[in-house]
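What follows is start-v6.txt (compact mmCIF, C-alpha atoms).
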```
# COMPACT_ATOMS: atom_id res chain seq x y z
CA MET A 1 -68.83 -2.68 -33.80
CA ALA A 2 -72.10 -1.61 -32.24
CA ASN A 3 -72.46 1.08 -29.63
CA VAL A 4 -71.72 -0.12 -26.13
CA SER A 5 -74.96 -0.53 -24.19
CA PRO A 6 -75.34 1.42 -20.93
CA GLN A 7 -75.60 -1.87 -18.99
CA SER A 8 -72.16 -2.91 -20.22
CA ARG A 9 -70.48 0.36 -19.22
CA PHE A 10 -69.30 1.81 -15.95
CA GLY A 11 -71.48 4.68 -14.78
CA ALA A 12 -70.47 8.33 -14.70
CA VAL A 13 -69.43 8.23 -11.03
CA ALA A 14 -67.13 5.21 -11.49
CA GLN A 15 -65.65 6.74 -14.65
CA THR A 16 -65.08 10.11 -12.99
CA LEU A 17 -63.38 8.53 -9.97
CA HIS A 18 -61.25 6.30 -12.23
CA TRP A 19 -59.94 9.14 -14.41
CA LEU A 20 -59.61 11.63 -11.56
CA ILE A 21 -57.51 9.22 -9.51
CA ALA A 22 -55.41 8.32 -12.57
CA GLY A 23 -54.76 12.01 -13.25
CA LEU A 24 -53.88 12.67 -9.62
CA ILE A 25 -51.40 9.79 -9.61
CA VAL A 26 -49.63 11.35 -12.59
CA LEU A 27 -49.64 14.69 -10.75
CA GLN A 28 -48.20 12.98 -7.66
CA TYR A 29 -45.30 11.63 -9.68
CA VAL A 30 -44.59 15.08 -11.11
CA LEU A 31 -44.74 16.73 -7.67
CA ALA A 32 -42.44 14.08 -6.15
CA GLU A 33 -39.90 14.49 -8.97
CA LEU A 34 -39.96 18.29 -8.67
CA ALA A 35 -39.55 18.06 -4.89
CA GLU A 36 -36.60 15.72 -5.34
CA GLU A 37 -34.99 18.15 -7.82
CA ALA A 38 -35.54 21.00 -5.36
CA GLY A 39 -33.94 18.88 -2.66
CA VAL A 40 -30.83 18.47 -4.79
CA ALA A 41 -30.85 22.18 -5.74
CA ARG A 42 -31.04 23.37 -2.15
CA LYS A 43 -27.41 22.34 -1.64
CA THR A 44 -26.43 25.31 -3.80
CA ASP A 45 -29.62 27.41 -3.67
CA PRO A 46 -31.10 27.99 -0.20
CA SER A 47 -34.41 29.20 -1.67
CA ALA A 48 -34.95 25.72 -3.14
CA ALA A 49 -35.59 24.43 0.39
CA MET A 50 -38.83 26.43 0.57
CA GLU A 51 -39.80 25.21 -2.89
CA GLN A 52 -39.22 21.63 -1.78
CA LEU A 53 -41.39 22.10 1.33
CA ILE A 54 -44.22 23.60 -0.76
CA LEU A 55 -44.04 20.80 -3.32
CA MET A 56 -44.04 18.12 -0.63
CA ALA A 57 -46.98 19.80 1.13
CA ARG A 58 -48.93 19.63 -2.15
CA HIS A 59 -47.80 16.03 -2.69
CA LYS A 60 -49.11 15.10 0.76
CA SER A 61 -52.40 16.96 0.23
CA PHE A 62 -53.04 15.26 -3.10
CA GLY A 63 -52.05 11.92 -1.54
CA ILE A 64 -54.71 12.37 1.13
CA THR A 65 -57.15 13.37 -1.62
CA ILE A 66 -56.37 10.13 -3.46
CA LEU A 67 -56.94 8.17 -0.24
CA ALA A 68 -60.35 9.85 0.23
CA LEU A 69 -61.27 9.23 -3.42
CA ALA A 70 -60.14 5.58 -3.11
CA ILE A 71 -62.46 5.15 -0.12
CA LEU A 72 -65.31 6.65 -2.15
CA ARG A 73 -64.42 4.54 -5.16
CA LEU A 74 -64.31 1.31 -3.15
CA GLY A 75 -67.64 2.15 -1.51
CA TRP A 76 -69.15 2.92 -4.91
CA ARG A 77 -67.75 -0.29 -6.37
CA LEU A 78 -69.22 -2.39 -3.57
CA ALA A 79 -72.63 -0.74 -3.97
CA HIS A 80 -72.52 -0.71 -7.79
CA PRO A 81 -70.96 -3.86 -9.22
CA PRO A 82 -69.00 -3.40 -12.44
CA PRO A 83 -70.51 -4.37 -15.78
CA PRO A 84 -70.02 -7.97 -16.83
CA TRP A 85 -66.93 -8.99 -18.76
CA PRO A 86 -67.42 -9.92 -22.40
CA PRO A 87 -68.59 -13.56 -22.65
CA THR A 88 -65.70 -14.25 -25.05
CA MET A 89 -63.09 -13.24 -22.46
CA PRO A 90 -61.08 -16.25 -21.24
CA LYS A 91 -61.47 -17.12 -17.58
CA TRP A 92 -57.76 -16.58 -16.86
CA GLN A 93 -58.08 -12.99 -18.14
CA VAL A 94 -61.14 -12.38 -15.96
CA ILE A 95 -59.22 -13.67 -12.94
CA GLY A 96 -56.19 -11.54 -13.88
CA ALA A 97 -58.38 -8.46 -14.28
CA ARG A 98 -60.01 -9.01 -10.88
CA VAL A 99 -56.65 -9.54 -9.17
CA SER A 100 -55.20 -6.41 -10.79
CA HIS A 101 -58.23 -4.28 -9.90
CA TRP A 102 -58.12 -5.33 -6.25
CA GLY A 103 -54.35 -4.81 -6.35
CA PHE A 104 -54.98 -1.25 -7.52
CA TYR A 105 -57.34 -0.69 -4.60
CA ALA A 106 -54.73 -1.99 -2.16
CA LEU A 107 -52.10 0.32 -3.67
CA LEU A 108 -54.46 3.32 -3.58
CA PHE A 109 -54.77 2.77 0.17
CA LEU A 110 -51.24 1.67 1.01
CA MET A 111 -49.38 4.41 -0.86
CA PRO A 112 -51.02 7.40 0.89
CA ILE A 113 -50.95 5.64 4.24
CA THR A 114 -47.22 4.80 4.02
CA GLY A 115 -46.51 8.37 2.88
CA TRP A 116 -48.51 9.76 5.79
CA LEU A 117 -46.75 7.46 8.27
CA ALA A 118 -43.33 8.31 6.80
CA SER A 119 -44.06 12.02 7.16
CA SER A 120 -45.16 11.49 10.76
CA ALA A 121 -41.99 9.50 11.50
CA GLU A 122 -39.93 12.34 9.98
CA ASN A 123 -41.74 14.71 12.36
CA TYR A 124 -43.26 16.65 9.44
CA PRO A 125 -46.99 17.17 9.94
CA VAL A 126 -49.45 16.27 7.23
CA SER A 127 -52.22 18.70 6.44
CA TRP A 128 -54.82 18.74 3.70
CA PHE A 129 -54.05 21.90 1.71
CA GLY A 130 -53.36 23.74 4.95
CA LEU A 131 -57.03 23.45 5.94
CA VAL A 132 -57.02 20.35 8.15
CA GLN A 133 -54.11 19.11 10.23
CA LEU A 134 -54.04 15.32 10.22
CA PRO A 135 -52.95 13.33 13.26
CA ASP A 136 -49.57 11.68 13.52
CA PHE A 137 -49.98 7.94 13.99
CA VAL A 138 -46.31 7.34 14.83
CA GLY A 139 -43.79 9.41 16.69
CA PRO A 140 -40.56 10.73 15.25
CA ASP A 141 -38.28 7.86 14.29
CA GLU A 142 -35.58 8.33 11.66
CA GLY A 143 -35.13 4.62 10.95
CA LEU A 144 -38.86 4.03 10.63
CA ALA A 145 -39.17 7.08 8.38
CA HIS A 146 -36.47 5.70 6.08
CA ASP A 147 -38.12 2.26 5.94
CA LEU A 148 -41.54 3.76 5.23
CA GLU A 149 -40.13 5.96 2.47
CA GLU A 150 -38.58 2.89 0.87
CA ILE A 151 -41.89 1.02 1.10
CA HIS A 152 -43.71 4.05 -0.34
CA GLU A 153 -41.34 4.20 -3.32
CA THR A 154 -41.54 0.43 -3.86
CA LEU A 155 -45.33 0.60 -3.83
CA PHE A 156 -45.15 3.34 -6.46
CA ASN A 157 -42.97 1.12 -8.65
CA VAL A 158 -45.49 -1.70 -8.26
CA LEU A 159 -48.25 0.76 -9.17
CA VAL A 160 -46.38 1.71 -12.35
CA VAL A 161 -46.11 -1.98 -13.32
CA PHE A 162 -49.84 -2.47 -12.63
CA ALA A 163 -50.67 0.64 -14.68
CA VAL A 164 -48.57 -0.47 -17.66
CA VAL A 165 -50.19 -3.92 -17.62
CA HIS A 166 -53.64 -2.34 -17.14
CA VAL A 167 -53.24 0.05 -20.08
CA GLY A 168 -51.65 -2.68 -22.21
CA ALA A 169 -54.52 -5.06 -21.49
CA ALA A 170 -57.13 -2.38 -22.27
CA LEU A 171 -55.41 -1.58 -25.58
CA LYS A 172 -55.12 -5.30 -26.41
CA HIS A 173 -58.83 -5.72 -25.83
CA HIS A 174 -59.61 -2.72 -28.00
CA PHE A 175 -57.26 -3.27 -30.93
CA ILE A 176 -56.70 -7.05 -31.00
CA ASP A 177 -59.75 -8.62 -29.35
CA LYS A 178 -61.99 -5.81 -30.64
CA ASP A 179 -64.28 -6.06 -27.62
CA ASP A 180 -65.78 -3.36 -25.41
CA VAL A 181 -63.49 -3.66 -22.36
CA LEU A 182 -61.78 -0.29 -22.95
CA ARG A 183 -64.91 1.56 -24.04
CA ARG A 184 -66.79 0.63 -20.89
CA MET A 185 -64.56 3.01 -18.88
CA LEU A 186 -64.42 5.82 -21.46
CA PRO A 187 -66.70 8.81 -20.86
CA TRP A 188 -68.12 8.50 -24.38
CA PRO A 189 -69.72 5.30 -25.70
CA GLY A 190 -68.04 5.37 -29.10
CA ARG A 191 -68.19 2.72 -31.72
```
Would you mind writing the file out in structure tokens?
Amino acid sequence: MANVSPQSRFGAVAQTLHWLIAGLIVLQYVLAELAEEAGVARKTDPSAAMEQLILMARHKSFGITILALAILRLGWRLAHPPPPWPPTMPKWQVIGARVSHWGFYALLFLMPITGWLASSAENYPVSWFGLVQLPDFVGPDEGLAHDLEEIHETLFNVLVVFAVVHVGAALKHHFIDKDDVLRRMLPWPGR
């Protein structure tokens, strides 16, 4: 296979935003799991309550970071269209790829927003790393908080499904179709 031409690759900004957001999503999962474990542990260990609060504060801060990066990424995408799909790619795959990419954008907005709203409804303020206090868009409401948490978790499960399909499709293109779909998002051109 020949080197991937620069015109058929995403630029450095799009690649950086893609991989940074992907890494932060993994971090978010880890923080949420650790906070949940601390929540269970606090029944027998009172110091775990502080650990849970710290972990959730970080989770919220990184969630707001993802939201800001998603806004930047969407703006970049609109101003810098992606490289063309390989001409050999079937139309149904192109449509599926477009639907999944816009689905990712929707999830990158909806997940932080539902988390932020859930936190507001729980009467827990959201700040960005303790530097900026964000406004509450809803008042305290236990039922609403529960519903928003459920939506937030469901959206995460949908995101996991999207990610598995996304990675699977990229690997299929690389190893079976032997086209440049995967390499166009990698930071190195490769062969």
Counting only C-alpha atoms, give me one row per residue of region 109-176 of chain A with an atom at most 10 Å from an atom of region 33-57 of chain A, showing the shortest contact pair and its distance in Å to one decimal, sorted by chain then residue number, as CSV.
```
residue,atom,partner,partner_atom,distance
A:Ser119,CA,A:Met56,CA,9.9
A:Tyr124,CA,A:Ala57,CA,9.6
A:Pro125,CA,A:Ala57,CA,9.2
A:Val126,CA,A:Ala57,CA,7.5
A:Ser127,CA,A:Ala57,CA,7.5
A:Trp128,CA,A:Ala57,CA,8.3
A:Phe129,CA,A:Ala57,CA,7.4
A:Gly130,CA,A:Ala57,CA,8.4
```
| task | Please identify all polymer residues within 12 Å of Glu142 (chain A), counting only C-alpha atoms, omitting same-chain residues fewer than 6 positions from it, and present them as an MDAnalysis selection string. | result | chainID A and resid 117:124 148:149
| request: Kindly give the distance, in Å, that separates CA of Ala22 (chain A) and CA of Phe137 (chain A), rounded to a single decimal. | output: 27.1 Å
| Residue nearest Ser8 (chain A) among A:Pro86, A:Val99, A:Arg73, A:His59 (counting all atoms listed in the file) | A:Pro86
| CA of Pro112 (chain A) and CA of Gly63 (chain A) are how many Å apart? |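 Separating CA of Pro112 (chain A) from CA of Gly63 (chain A) is a distance of 5.2 Å.
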| said: Which residue is closest to Gly115 (chain A)? Choose from A:Ile95, A:Leu27, A:Val160, A:Leu67 and count only C-alpha atoms. | reply: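 Checking each candidate against Gly115 (chain A), we get A:Leu67 as the closest.
Take the candidates A:Ile151, A:Gln15, A:Gly96, A:Gly23 and check each one against Ala169 (chain A) using all atoms listed in the file; the shortest distance goes to A:Gly96.
In this structure, CA of Met111 (chain A) sits 25.1 Å away from CA of Phe10 (chain A).
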| Exercise: Phe156 (chain A) partners within 12 Å, all atoms listed in the file, chain neighbours under 2 positions left out, as a PyMOL selection string | chain A and resi 25-26+28-29+32+104+106-112+114-115+149-154+158-163
| request: For Pro82 (chain A), work out the shell of residues within 10 Å, counting all atoms listed in the file and skipping chain neighbours fewer than 4 positions away, then give it as a list of chain:residue names. | output: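 With the cut-off at 10 Å, the set is A:Gln7, A:Ser8, A:Arg9, A:Phe10, A:Gly11, A:Ala14, A:Trp76, A:Arg77, A:Leu78, A:Arg184.
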| message | Taking (-60.1, -0.8, -22.7) as a centre in this file's frame and 9 Å as the limit, can you find every polymer residue with an atom that close, using all atoms listed in the file, and give them as a list in words? | response | His166, Val167, Gly168, Ala169, Ala170, Leu171, Lys172, His173, His174, Asp179, Asp180, Val181, Leu182, Arg183, Arg184, Met185 and Leu186 of chain A
| query | For Pro84 (chain A), which residue among A:Leu131, A:Ile21, A:Leu72, A:Ala97 is the nearest when counting all atoms listed in the file? | reply | A:Ala97
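Each of A:Ile113, A:Asp177, A:Leu155, A:Leu74 was compared to Val138 (chain A) using all atoms listed in the file, and A:Ile113 turns out to be the nearest.
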Can you pull region 32-71 of chain A out of that block with C-alpha atoms and hand it back as a PDB file, in the first residue's frame?
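In the end it all went to part-v1.pdb:
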```
ATOM      1  CA  ALA A  32     -17.021   7.136  37.432  1.00  0.00           C
ATOM      2  CA  GLU A  33     -16.174   3.538  38.392  1.00  0.00           C
ATOM      3  CA  LEU A  34     -13.790   4.672  41.141  1.00  0.00           C
ATOM      4  CA  ALA A  35     -16.396   7.113  42.467  1.00  0.00           C
ATOM      5  CA  GLU A  36     -18.987   4.349  42.516  1.00  0.00           C
ATOM      6  CA  GLU A  37     -16.589   2.071  44.428  1.00  0.00           C
ATOM      7  CA  ALA A  38     -15.915   4.878  46.908  1.00  0.00           C
ATOM      8  CA  GLY A  39     -19.665   5.338  47.295  1.00  0.00           C
ATOM      9  CA  VAL A  40     -20.026   1.687  48.260  1.00  0.00           C
ATOM     10  CA  ALA A  41     -16.976   1.861  50.556  1.00  0.00           C
ATOM     11  CA  ARG A  42     -18.252   4.882  52.455  1.00  0.00           C
ATOM     12  CA  LYS A  43     -20.842   2.690  54.169  1.00  0.00           C
ATOM     13  CA  THR A  44     -17.997   1.165  56.175  1.00  0.00           C
ATOM     14  CA  ASP A  45     -15.262   3.794  55.710  1.00  0.00           C
ATOM     15  CA  PRO A  46     -16.303   7.419  56.320  1.00  0.00           C
ATOM     16  CA  SER A  47     -13.146   8.750  54.624  1.00  0.00           C
ATOM     17  CA  ALA A  48     -14.360   7.218  51.349  1.00  0.00           C
ATOM     18  CA  ALA A  49     -17.053   9.913  51.181  1.00  0.00           C
ATOM     19  CA  MET A  50     -14.395  12.582  50.626  1.00  0.00           C
ATOM     20  CA  GLU A  51     -12.704  10.396  48.022  1.00  0.00           C
ATOM     21  CA  GLN A  52     -16.023  10.010  46.214  1.00  0.00           C
ATOM     22  CA  LEU A  53     -16.605  13.780  46.207  1.00  0.00           C
ATOM     23  CA  ILE A  54     -13.113  14.416  44.812  1.00  0.00           C
ATOM     24  CA  LEU A  55     -13.521  11.781  42.111  1.00  0.00           C
ATOM     25  CA  MET A  56     -16.927  13.135  41.089  1.00  0.00           C
ATOM     26  CA  ALA A  57     -15.564  16.689  41.011  1.00  0.00           C
ATOM     27  CA  ARG A  58     -12.851  15.508  38.599  1.00  0.00           C
ATOM     28  CA  HIS A  59     -15.427  13.555  36.582  1.00  0.00           C
ATOM     29  CA  LYS A  60     -17.536  16.704  36.226  1.00  0.00           C
ATOM     30  CA  SER A  61     -14.525  18.855  35.308  1.00  0.00           C
ATOM     31  CA  PHE A  62     -13.383  16.447  32.621  1.00  0.00           C
ATOM     32  CA  GLY A  63     -16.978  16.175  31.386  1.00  0.00           C
ATOM     33  CA  ILE A  64     -17.107  19.941  30.912  1.00  0.00           C
ATOM     34  CA  THR A  65     -13.718  19.721  29.190  1.00  0.00           C
ATOM     35  CA  ILE A  66     -15.128  17.131  26.788  1.00  0.00           C
ATOM     36  CA  LEU A  67     -18.104  19.397  26.094  1.00  0.00           C
ATOM     37  CA  ALA A  68     -15.768  22.316  25.298  1.00  0.00           C
ATOM     38  CA  LEU A  69     -13.588  20.102  23.087  1.00  0.00           C
ATOM     39  CA  ALA A  70     -16.704  18.754  21.322  1.00  0.00           C
ATOM     40  CA  ILE A  71     -17.759  22.327  20.540  1.00  0.00           C
TER      41      ILE A  71
END
```
